[in-house]
>>> print(open('model15.pdb').read())   # PDB, C-alpha atoms
ATOM      1  CA  MET Y   1      -1.544   6.361  21.027
ATOM      2  CA  SER Y   2       1.773   7.360  19.483
ATOM      3  CA  HIS Y   3       4.857   5.191  19.669
ATOM      4  CA  GLY Y   4       8.415   5.272  18.433
ATOM      5  CA  PRO Y   5       9.576   3.320  15.396
ATOM      6  CA  HIS Y   6      11.202   0.440  17.285
ATOM      7  CA  ASP Y   7       8.405  -0.040  19.793
ATOM      8  CA  ALA Y   8       7.871  -3.780  20.317
ATOM      9  CA  ARG Y   9       4.167  -3.026  20.701
ATOM     10  CA  LEU Y  10       3.985  -2.579  16.922
ATOM     11  CA  GLU Y  11       4.835  -6.239  16.287
ATOM     12  CA  GLY Y  12       1.902  -7.763  14.429
ATOM     13  CA  TRP Y  13       0.576  -4.326  13.472
ATOM     14  CA  VAL Y  14       0.397  -2.936   9.947
ATOM     15  CA  PRO Y  15      -0.130   0.578   8.556
ATOM     16  CA  CYS Y  16      -3.776   0.725   7.507
ATOM     17  CA  ARG Y  17      -3.993   4.417   6.671
ATOM     18  CA  VAL Y  18      -1.754   7.387   5.948
ATOM     19  CA  SER Y  19      -3.316  10.775   6.635
ATOM     20  CA  LEU Y  20      -2.066  14.068   5.190
ATOM     21  CA  THR Y  21      -4.582  16.349   6.880
ATOM     22  CA  ASP Y  22      -2.185  19.027   8.126
ATOM     23  CA  GLY Y  23       0.485  18.465   5.488
ATOM     24  CA  THR Y  24       2.449  16.186   7.830
ATOM     25  CA  PRO Y  25       1.917  12.505   7.045
ATOM     26  CA  ARG Y  26       0.756  10.405   9.983
ATOM     27  CA  VAL Y  27       0.551   6.619   9.907
ATOM     28  CA  GLU Y  28      -2.335   4.791  11.552
ATOM     29  CA  TRP Y  29      -1.537   1.212  12.590
ATOM     30  CA  PHE Y  30      -3.963  -1.646  12.903
ATOM     31  CA  HIS Y  31      -3.594  -5.062  14.539
ATOM     32  CA  LEU Y  32      -3.999  -7.715  11.872
ATOM     33  CA  GLY Y  33      -3.764 -10.735  14.167
ATOM     34  CA  ALA Y  34      -3.795 -13.971  12.172
ATOM     35  CA  GLN Y  35      -5.574 -12.326   9.234
ATOM     36  CA  ARG Y  36      -3.821 -12.697   5.870
ATOM     37  CA  PHE Y  37      -4.142 -10.508   2.798
ATOM     38  CA  THR Y  38      -6.125 -13.062   0.826
ATOM     39  CA  ASP Y  39      -9.255 -10.995   0.138
ATOM     40  CA  PRO Y  40      -9.699  -9.583  -3.373
ATOM     41  CA  PHE Y  41      -8.900  -6.095  -2.009
ATOM     42  CA  PHE Y  42      -6.750  -4.750   0.840
ATOM     43  CA  ASP Y  43      -9.669  -2.826   2.375
ATOM     44  CA  GLN Y  44     -11.766  -5.998   2.596
ATOM     45  CA  THR Y  45      -9.134  -7.614   4.813
ATOM     46  CA  LEU Y  46      -9.183  -4.569   7.095
ATOM     47  CA  GLU Y  47     -12.992  -4.540   7.225
ATOM     48  CA  ARG Y  48     -13.082  -8.231   8.102
ATOM     49  CA  ARG Y  49     -10.557  -7.707  10.893
ATOM     50  CA  LEU Y  50     -12.535  -4.726  12.242
ATOM     51  CA  ARG Y  51     -15.281  -7.137  13.252
ATOM     52  CA  HIS Y  52     -12.957  -8.096  16.117
ATOM     53  CA  PRO Y  53     -13.340  -5.733  19.097
ATOM     54  CA  PHE Y  54      -9.593  -5.492  19.745
ATOM     55  CA  ALA Y  55      -8.852  -4.237  16.228
ATOM     56  CA  LEU Y  56     -11.768  -1.826  16.421
ATOM     57  CA  LEU Y  57     -10.842  -0.354  19.795
ATOM     58  CA  PHE Y  58      -7.058  -0.197  19.712
ATOM     59  CA  ARG Y  59      -4.972   1.773  17.233
ATOM     60  CA  HIS Y  60      -1.453   3.170  17.166
ATOM     61  CA  GLN Y  61      -0.191   6.247  15.366
ATOM     62  CA  THR Y  62       3.336   7.154  14.333
ATOM     63  CA  SER Y  63       4.886   9.850  12.194
ATOM     64  CA  MET Y  64       6.009   8.978   8.666
ATOM     65  CA  GLU Y  65       9.594   9.733   9.794
ATOM     66  CA  ASP Y  66       9.244   7.009  12.428
ATOM     67  CA  LEU Y  67       8.026   4.579   9.779
ATOM     68  CA  VAL Y  68      10.962   5.416   7.487
ATOM     69  CA  ARG Y  69      13.427   4.923  10.355
ATOM     70  CA  ARG Y  70      11.777   1.641  11.304
ATOM     71  CA  HIS Y  71      12.159   0.495   7.690
ATOM     72  CA  THR Y  72      15.968   0.684   7.884
ATOM     73  CA  GLU Y  73      15.952  -1.935  10.658
ATOM     74  CA  ARG Y  74      12.924  -3.941   9.524
ATOM     75  CA  PRO Y  75      12.770  -3.698   5.721
ATOM     76  CA  GLY Y  76      10.256  -6.520   5.313
ATOM     77  CA  LEU Y  77      10.167  -9.279   2.717
ATOM     78  CA  PRO Y  78      11.409  -8.507  -0.806
ATOM     79  CA  VAL Y  79       9.005  -7.105  -3.387
ATOM     80  CA  ARG Y  80       9.006  -9.667  -6.211
ATOM     81  CA  GLY Y  81       6.409  -8.301  -8.618
ATOM     82  CA  LEU Y  82       4.197  -5.366  -9.620
ATOM     83  CA  VAL Y  83       0.822  -5.750 -11.359
ATOM     84  CA  PHE Y  84      -0.423  -2.748 -13.378
ATOM     85  CA  HIS Y  85      -3.718  -2.698 -15.273
ATOM     86  CA  MET Y  86      -6.238  -0.507 -17.105
ATOM     87  CA  SER Y  87      -9.084  -1.505 -14.684
ATOM     88  CA  ARG Y  88     -11.908  -4.037 -15.108
ATOM     89  CA  CYS Y  89      -9.590  -6.352 -16.993
ATOM     90  CA  GLY Y  90      -8.845  -9.309 -14.693
ATOM     91  CA  SER Y  91      -6.171  -7.858 -12.396
ATOM     92  CA  THR Y  92      -8.088  -9.021  -9.320
ATOM     93  CA  LEU Y  93      -7.939 -12.579 -10.661
ATOM     94  CA  LEU Y  94      -4.174 -12.313 -11.161
ATOM     95  CA  ALA Y  95      -3.813 -11.026  -7.595
ATOM     96  CA  GLN Y  96      -5.927 -13.933  -6.351
ATOM     97  CA  LEU Y  97      -3.720 -16.398  -8.240
ATOM     98  CA  LEU Y  98      -0.637 -14.957  -6.542
ATOM     99  CA  ALA Y  99      -2.379 -14.909  -3.140
ATOM    100  CA  ALA Y 100      -3.386 -18.573  -3.556
ATOM    101  CA  LEU Y 101       0.215 -19.469  -2.670
ATOM    102  CA  PRO Y 102       0.732 -19.029   1.107
ATOM    103  CA  ARG Y 103       4.340 -17.934   0.599
ATOM    104  CA  HIS Y 104       3.119 -14.658  -0.952
ATOM    105  CA  ILE Y 105       1.869 -11.455   0.657
ATOM    106  CA  VAL Y 106      -0.300  -9.765  -1.972
ATOM    107  CA  LEU Y 107      -1.186  -6.122  -1.366
ATOM    108  CA  SER Y 108      -4.147  -5.448  -3.632
ATOM    109  CA  GLU Y 109      -4.888  -1.740  -4.181
ATOM    110  CA  ALA Y 110      -3.747  -0.773  -0.674
ATOM    111  CA  GLY Y 111      -4.948   2.662   0.416
ATOM    112  CA  PRO Y 112      -1.663   3.664   2.139
ATOM    113  CA  VAL Y 113       0.232   2.977  -1.118
ATOM    114  CA  ASP Y 114      -2.145   5.229  -3.067
ATOM    115  CA  THR Y 115      -1.931   8.035  -0.488
ATOM    116  CA  VAL Y 116       1.859   8.035  -0.605
ATOM    117  CA  LEU Y 117       2.045   7.843  -4.411
ATOM    118  CA  ARG Y 118      -0.209  10.881  -4.735
ATOM    119  CA  ALA Y 119       1.091  12.820  -1.713
ATOM    120  CA  HIS Y 120       2.680  15.505  -3.920
ATOM    121  CA  LEU Y 121      -0.785  16.442  -5.202
ATOM    122  CA  ARG Y 122      -2.015  17.092  -1.665
ATOM    123  CA  VAL Y 123       1.073  18.503   0.031
ATOM    124  CA  PRO Y 124       3.105  21.147  -1.811
ATOM    125  CA  GLY Y 125       6.836  20.531  -1.923
ATOM    126  CA  VAL Y 126       6.813  16.751  -1.487
ATOM    127  CA  THR Y 127       9.709  15.472  -3.583
ATOM    128  CA  GLU Y 128      10.054  12.310  -5.631
ATOM    129  CA  ALA Y 129      12.769  11.119  -3.229
ATOM    130  CA  GLN Y 130      10.353  11.530  -0.300
ATOM    131  CA  ARG Y 131       7.599   9.620  -2.072
ATOM    132  CA  ILE Y 132      10.032   6.786  -2.842
ATOM    133  CA  ALA Y 133      11.223   6.626   0.795
ATOM    134  CA  TRP Y 134       7.636   6.697   2.090
ATOM    135  CA  LEU Y 135       6.511   4.081  -0.427
ATOM    136  CA  ARG Y 136       9.319   1.679   0.480
ATOM    137  CA  ALA Y 137       8.611   2.185   4.185
ATOM    138  CA  VAL Y 138       4.843   1.570   3.820
ATOM    139  CA  VAL Y 139       5.317  -1.531   1.658
ATOM    140  CA  GLY Y 140       8.068  -2.787   3.979
ATOM    141  CA  ALA Y 141       5.783  -2.462   7.010
ATOM    142  CA  LEU Y 142       2.908  -4.185   5.216
ATOM    143  CA  GLY Y 143       5.295  -6.869   3.998
ATOM    144  CA  GLN Y 144       6.610  -8.062   7.366
ATOM    145  CA  ARG Y 145       6.730 -11.838   7.707
ATOM    146  CA  ARG Y 146       3.954 -12.871  10.069
ATOM    147  CA  PHE Y 147       3.817 -16.548   9.039
ATOM    148  CA  PRO Y 148       6.875 -18.805   8.662
ATOM    149  CA  GLU Y 149       6.175 -19.725   5.027
ATOM    150  CA  GLU Y 150       5.958 -16.142   3.749
ATOM    151  CA  GLU Y 151       8.767 -15.236   1.337
ATOM    152  CA  ALA Y 152       7.787 -12.374  -0.958
ATOM    153  CA  VAL Y 153       5.523  -9.377  -1.507
ATOM    154  CA  PHE Y 154       3.504  -8.559  -4.634
ATOM    155  CA  LEU Y 155       1.854  -5.214  -5.281
ATOM    156  CA  LYS Y 156      -1.360  -5.103  -7.302
ATOM    157  CA  LEU Y 157      -1.713  -1.398  -7.904
ATOM    158  CA  ASP Y 158      -4.680   0.859  -8.596
ATOM    159  CA  ALA Y 159      -5.325   1.432 -12.303
ATOM    160  CA  TRP Y 160      -4.049   5.033 -12.250
ATOM    161  CA  HIS Y 161      -0.732   3.999 -10.684
ATOM    162  CA  VAL Y 162       0.599   2.993 -14.115
ATOM    163  CA  LEU Y 163       1.061   6.745 -14.578
ATOM    164  CA  GLU Y 164       3.668   6.454 -11.795
ATOM    165  CA  LEU Y 165       5.418   3.463 -13.383
ATOM    166  CA  PRO Y 166       8.810   5.251 -13.666
ATOM    167  CA  LEU Y 167       8.722   6.201  -9.972
ATOM    168  CA  LEU Y 168       7.680   2.699  -8.908
ATOM    169  CA  GLN Y 169      10.567   1.254 -10.915
ATOM    170  CA  ARG Y 170      12.957   3.613  -9.125
ATOM    171  CA  ALA Y 171      11.471   2.587  -5.774
ATOM    172  CA  PHE Y 172      11.764  -1.138  -6.592
ATOM    173  CA  PRO Y 173      14.583  -1.386  -9.161
ATOM    174  CA  GLY Y 174      14.714  -4.501 -11.289
ATOM    175  CA  VAL Y 175      11.424  -5.879  -9.936
ATOM    176  CA  PRO Y 176       9.462  -7.592 -12.742
ATOM    177  CA  TRP Y 177       6.100  -6.076 -13.669
ATOM    178  CA  LEU Y 178       3.202  -6.692 -16.011
ATOM    179  CA  PHE Y 179       0.491  -4.552 -17.556
ATOM    180  CA  LEU Y 180      -2.911  -6.127 -18.036
ATOM    181  CA  TYR Y 181      -5.527  -4.820 -20.476
ATOM    182  CA  ARG Y 182      -8.761  -5.900 -22.146
ATOM    183  CA  GLU Y 183     -10.869  -5.424 -25.264
ATOM    184  CA  PRO Y 184     -11.962  -1.727 -25.088
ATOM    185  CA  VAL Y 185     -15.701  -2.308 -25.585
ATOM    186  CA  GLU Y 186     -15.767  -4.734 -22.639
ATOM    187  CA  VAL Y 187     -13.945  -2.354 -20.286
ATOM    188  CA  MET Y 188     -16.176   0.578 -21.243
ATOM    189  CA  ALA Y 189     -19.257  -1.614 -20.726
ATOM    190  CA  SER Y 190     -18.046  -2.578 -17.247
ATOM    191  CA  HIS Y 191     -17.679   1.079 -16.236
ATOM    192  CA  GLN Y 192     -20.999   2.072 -17.813
ATOM    193  CA  ASN Y 193     -23.247   1.290 -14.830
ATOM    194  CA  HIS Y 194     -20.692   1.462 -12.035
ATOM    195  CA  ARG Y 195     -17.854   3.824 -12.883
ATOM    196  CA  GLY Y 196     -14.519   3.485 -11.155
ATOM    197  CA  ALA Y 197     -13.243   6.541  -9.253
ATOM    198  CA  HIS Y 198     -10.731   7.365 -11.993
ATOM    199  CA  MET Y 199     -13.509   7.447 -14.609
ATOM    200  CA  LEU Y 200     -15.025  10.554 -13.004
ATOM    201  CA  PRO Y 201     -13.355  13.982 -13.179
ATOM    202  CA  GLY Y 202     -11.594  14.872  -9.940
ATOM    203  CA  LEU Y 203      -9.249  11.967  -9.165
ATOM    204  CA  LEU Y 204      -6.715  12.579 -11.936
ATOM    205  CA  GLU Y 205      -5.137  15.882 -12.893
ATOM    206  CA  PRO Y 206      -6.447  16.974 -16.334
ATOM    207  CA  ALA Y 207      -2.852  17.670 -17.417
ATOM    208  CA  LEU Y 208      -2.040  13.952 -17.037
ATOM    209  CA  LEU Y 209      -4.612  13.307 -19.754
ATOM    210  CA  GLY Y 210      -3.240  16.038 -21.983
ATOM    211  CA  LEU Y 211      -6.308  18.211 -21.287
ATOM    212  CA  GLU Y 212      -6.694  21.817 -20.219
ATOM    213  CA  ALA Y 213      -8.769  22.133 -17.018
ATOM    214  CA  GLY Y 214     -11.510  23.959 -18.920
ATOM    215  CA  ALA Y 215     -11.753  21.180 -21.519
ATOM    216  CA  LEU Y 216     -13.668  18.993 -19.036
ATOM    217  CA  GLU Y 217     -16.677  21.296 -18.938
ATOM    218  CA  GLY Y 218     -19.481  19.731 -20.894
ATOM    219  CA  MET Y 219     -17.404  16.680 -21.878
ATOM    220  CA  PRO Y 220     -19.594  13.538 -21.822
ATOM    221  CA  LEU Y 221     -18.574  11.061 -19.094
ATOM    222  CA  GLU Y 222     -18.168   8.378 -21.763
ATOM    223  CA  GLU Y 223     -15.593  10.463 -23.611
ATOM    224  CA  TYR Y 224     -13.769  11.391 -20.409
ATOM    225  CA  GLY Y 225     -13.633   7.742 -19.320
ATOM    226  CA  ALA Y 226     -12.361   6.554 -22.693
ATOM    227  CA  ARG Y 227      -9.633   9.218 -22.643
ATOM    228  CA  VAL Y 228      -8.583   8.141 -19.135
ATOM    229  CA  LEU Y 229      -8.407   4.475 -20.125
ATOM    230  CA  ALA Y 230      -6.436   5.356 -23.257
ATOM    231  CA  CYS Y 231      -4.007   7.394 -21.149
ATOM    232  CA  LEU Y 232      -3.465   4.436 -18.781
ATOM    233  CA  CYS Y 233      -2.893   2.055 -21.692
ATOM    234  CA  GLU Y 234      -0.455   4.495 -23.328
ATOM    235  CA  ALA Y 235       1.512   4.682 -20.060
ATOM    236  CA  GLY Y 236       1.669   0.869 -19.909
ATOM    237  CA  LEU Y 237       2.721   0.662 -23.553
ATOM    238  CA  ARG Y 238       5.372   3.371 -23.151
ATOM    239  CA  GLY Y 239       6.763   1.679 -20.030
ATOM    240  CA  TYR Y 240       6.938  -1.648 -21.849
ATOM    241  CA  ARG Y 241       8.729  -0.152 -24.852
ATOM    242  CA  GLU Y 242      11.243   1.597 -22.583
ATOM    243  CA  ARG Y 243      11.673  -1.327 -20.181
ATOM    244  CA  GLN Y 244      15.058  -1.995 -18.668
ATOM    245  CA  GLY Y 245      14.184  -5.158 -16.748
ATOM    246  CA  PRO Y 246      11.650  -8.011 -16.987
ATOM    247  CA  ALA Y 247       8.137  -6.913 -18.029
ATOM    248  CA  ARG Y 248       5.163  -8.471 -19.807
ATOM    249  CA  LEU Y 249       1.933  -7.429 -21.445
ATOM    250  CA  LEU Y 250      -1.121  -9.622 -20.918
ATOM    251  CA  ASP Y 251      -4.536  -9.468 -22.532
ATOM    252  CA  TYR Y 252      -7.535 -10.492 -20.421
ATOM    253  CA  ARG Y 253      -8.450 -13.247 -22.915
ATOM    254  CA  ARG Y 254      -5.101 -14.924 -22.327
ATOM    255  CA  ILE Y 255      -5.350 -15.145 -18.517
ATOM    256  CA  ALA Y 256      -6.899 -18.615 -18.474
ATOM    257  CA  THR Y 257      -4.433 -20.082 -20.971
ATOM    258  CA  ASP Y 258      -1.266 -18.075 -20.281
ATOM    259  CA  GLY Y 259      -1.764 -16.552 -16.808
ATOM    260  CA  PRO Y 260      -0.259 -19.145 -14.430
ATOM    261  CA  ALA Y 261       2.695 -19.928 -16.730
ATOM    262  CA  LEU Y 262       3.362 -16.219 -17.333
ATOM    263  CA  LEU Y 263       3.305 -15.447 -13.589
ATOM    264  CA  ALA Y 264       5.629 -18.371 -12.903
ATOM    265  CA  ASP Y 265       8.064 -17.317 -15.633
ATOM    266  CA  LEU Y 266       8.026 -13.545 -15.029
ATOM    267  CA  PHE Y 267       8.142 -13.677 -11.231
ATOM    268  CA  GLY Y 268      10.338 -16.779 -10.927
ATOM    269  CA  LEU Y 269       7.735 -18.923  -9.150
ATOM    270  CA  GLU Y 270       8.819 -22.527  -8.725
ATOM    271  CA  LEU Y 271       5.496 -24.348  -8.662
ATOM    272  CA  THR Y 272       4.975 -27.655  -6.914
ATOM    273  CA  PRO Y 273       2.072 -29.914  -8.000
ATOM    274  CA  GLU Y 274       0.210 -28.606  -4.935
ATOM    275  CA  ASP Y 275       0.816 -25.006  -6.085
ATOM    276  CA  VAL Y 276      -0.508 -25.802  -9.557
ATOM    277  CA  GLU Y 277      -3.674 -27.201  -7.988
ATOM    278  CA  ARG Y 278      -4.092 -24.083  -5.831
ATOM    279  CA  LEU Y 279      -3.762 -21.869  -8.927
ATOM    280  CA  ARG Y 280      -6.243 -23.978 -10.869
ATOM    281  CA  SER Y 281      -8.744 -23.773  -8.022
ATOM    282  CA  ALA Y 282      -8.343 -19.983  -7.714
ATOM    283  CA  ALA Y 283      -8.765 -19.522 -11.479
ATOM    284  CA  GLU Y 284     -12.115 -21.308 -11.357
ATOM    285  CA  ARG Y 285     -13.614 -18.874  -8.835
ATOM    286  CA  ASP Y 286     -15.066 -15.409  -9.311
ATOM    287  CA  ALA Y 287     -12.135 -13.122  -8.410
ATOM    288  CA  LYS Y 288     -14.191 -10.439  -6.652
ATOM    289  CA  ASN Y 289     -16.522 -12.915  -4.905
ATOM    290  CA  PRO Y 290     -14.542 -16.151  -4.477
ATOM    291  CA  VAL Y 291     -17.520 -18.135  -3.160
ATOM    292  CA  LEU Y 292     -18.956 -18.017  -6.701
ATOM    293  CA  PRO Y 293     -17.595 -19.883  -9.731
ATOM    294  CA  PHE Y 294     -16.018 -17.870 -12.541
ATOM    295  CA  ALA Y 295     -18.458 -16.903 -15.307
ATOM    296  CA  ASP Y 296     -17.361 -15.304 -18.575
ATOM    297  CA  ASP Y 297     -19.235 -12.009 -18.972
ATOM    298  CA  THR Y 298     -17.857 -11.039 -22.407
ATOM    299  CA  ALA Y 299     -21.093 -11.620 -24.305
ATOM    300  CA  ASP Y 300     -23.121  -9.801 -21.644
ATOM    301  CA  LYS Y 301     -20.855  -6.744 -21.865
ATOM    302  CA  GLU Y 302     -21.073  -6.752 -25.650
ATOM    303  CA  ARG Y 303     -24.860  -6.767 -25.343
ATOM    304  CA  ARG Y 304     -25.168  -4.044 -22.685
ATOM    305  CA  ILE Y 305     -22.833  -1.371 -23.997
ATOM    306  CA  THR Y 306     -24.492   1.835 -25.224
ATOM    307  CA  GLY Y 307     -23.846   3.304 -28.641
ATOM    308  CA  VAL Y 308     -21.935   6.292 -27.279
ATOM    309  CA  SER Y 309     -19.697   4.132 -25.041
ATOM    310  CA  ARG Y 310     -18.916   1.906 -28.007
ATOM    311  CA  GLU Y 311     -18.122   4.913 -30.179
ATOM    312  CA  MET Y 312     -15.754   6.382 -27.564
ATOM    313  CA  ALA Y 313     -14.063   2.989 -27.077
ATOM    314  CA  GLU Y 314     -13.381   2.745 -30.797
ATOM    315  CA  ARG Y 315     -12.211   6.341 -31.145
ATOM    316  CA  TYR Y 316      -9.912   6.681 -28.141
ATOM    317  CA  LEU Y 317      -9.056   3.157 -27.013
ATOM    318  CA  ARG Y 318      -8.927   0.960 -30.088
ATOM    319  CA  PRO Y 319      -5.616   2.369 -31.451
ATOM    320  CA  VAL Y 320      -3.653   1.881 -28.220
ATOM    321  CA  TYR Y 321      -5.263  -1.540 -27.600
ATOM    322  CA  SER Y 322      -4.117  -2.617 -31.067
ATOM    323  CA  ALA Y 323      -0.606  -1.308 -30.339
ATOM    324  CA  LEU Y 324      -0.499  -3.245 -27.053
ATOM    325  CA  GLU Y 325      -1.547  -6.419 -28.839
ATOM    326  CA  ALA Y 326       1.095  -5.912 -31.518
ATOM    327  CA  GLU Y 327       3.792  -5.474 -28.845
ATOM    328  CA  ARG Y 328       2.584  -8.504 -26.909
ATOM    329  CA  LEU Y 329       2.629 -10.712 -29.992
ATOM    330  CA  GLN Y 330       6.164  -9.580 -30.848
ATOM    331  CA  GLY Y 331       7.195 -10.709 -27.368
TER     332      GLY Y 331
END
>>> encode(input="model15.pdb", output="structure tokens")
Amino acid sequence: MSHGPHDARLEGWVPCRVSLTDGTPRVEWFHLGAQRFTDPFFDQTLERRLRHPFALLFRHQTSMEDLVRRHTERPGLPVRGLVFHMSRCGSTLLAQLLAALPRHIVLSEAGPVDTVLRAHLRVPGVTEAQRIAWLRAVVGALGQRRFPEEEAVFLKLDAWHVLELPLLQRAFPGVPWLFLYREPVEVMASHQNHRGAHMLPGLLEPALLGLEAGALEGMPLEEYGARVLACLCEAGLRGYRERQGPARLLDYRRIATDGPALLADLFGLELTPEDVERLRSAAERDAKNPVLPFADDTADKERRITGVSREMAERYLRPVYSALEAERLQG
């Protein structure tokens, strides 16, 4: 079913998917009902809602132009913060801390955001201005107030989105952001048995990594992954050094001690005693499986990492990790 941008039937609906199949972006809408974005990942909230027959059976579709027009009349709640990260470094926990406060809508690695950010790679001729307009429209539609207490939107981005940091800052000018990172050996160990999509050739353009397309042939996956992670960290470091507005660097090891205070300071959160308790409770749970208590896996990662992964971590990641730490300590 297709509907115009101001159709009242879209109240309570959110864009769940943007498709670029024929080069013309189409937006698929999904009825969220009373579901909130409190799961560790955006897709998990959608999957949970799809267990309801109504959400499974009924969908709407609009054009991207309709969504952009709708955004001018219904811009949604303000975006108050962006969370960038190198992957496997605690960003899900930070998102869960923000989502623990009911006044926040936290969009954690939302598929429609990724599709729009990378639209120019799929559709020739898509301009930066178009991507910015589409991004604002998607986030605005996802960030509609559906509960009276909701006040602000936070974006926890995919790891590779730090490469689009300048564009995201143009889309959301002046919005505070942070870049989260972790000891290289631990991140490489995490990807060793279950590699993230960006750790396999195909997701990222080789040129983004400073590589010729042919250079990937025969390159060990461990080396490729370490180069990707180094590239993400360098983008975070460069963005921090060139920052115009509020930004912070945060090491995984400092989340427990510095995380809540840093989030409050950077994003201007005024915490009540009840809020502090909610944050403490969220910090004690496993971020990706909140029914389990948090368990520090640092020693386990140190034990499991292979020799070649360790070597690549030291060669490609250690220098930029050290530079990030130096910048963080300088404040």
>>> resolve_selection(input="model15.pdb", expression="the PyMOL selection byres ((chain Y and resi 149) around 9)", output="list in words")
Pro102, Arg103, His104, Arg145, Arg146, Phe147, Pro148, Glu150 and Glu151 of chain Y
>>> atom_distance(input="model15.pdb", atom1="atom CA of Arg280 of chain Y", atom2="atom CA of Leu101 of chain Y")
11.4 Å
>>> closest_residue(input="model15.pdb", among="Y:Ala283, Y:Cys231, Y:Arg310, Y:Glu270", to="Asp258 of chain Y", atoms="only C-alpha atoms")
Y:Ala283
>>> closest_residue(input="model15.pdb", among="Y:Glu222, Y:Glu186, Y:Glu217, Y:Glu284", to="Ile305 of chain Y", atoms="only C-alpha atoms")
Y:Glu186
>>> atom_distance(input="model15.pdb", atom1="atom CA of Leu20 of chain Y", atom2="atom CA of Leu216 of chain Y")
27.3 Å
>>> closest_residue(input="model15.pdb", among="Y:Phe172, Y:Phe294, Y:Phe179, Y:Trp29", to="Leu232 of chain Y", atoms="only C-alpha atoms")
Y:Phe179
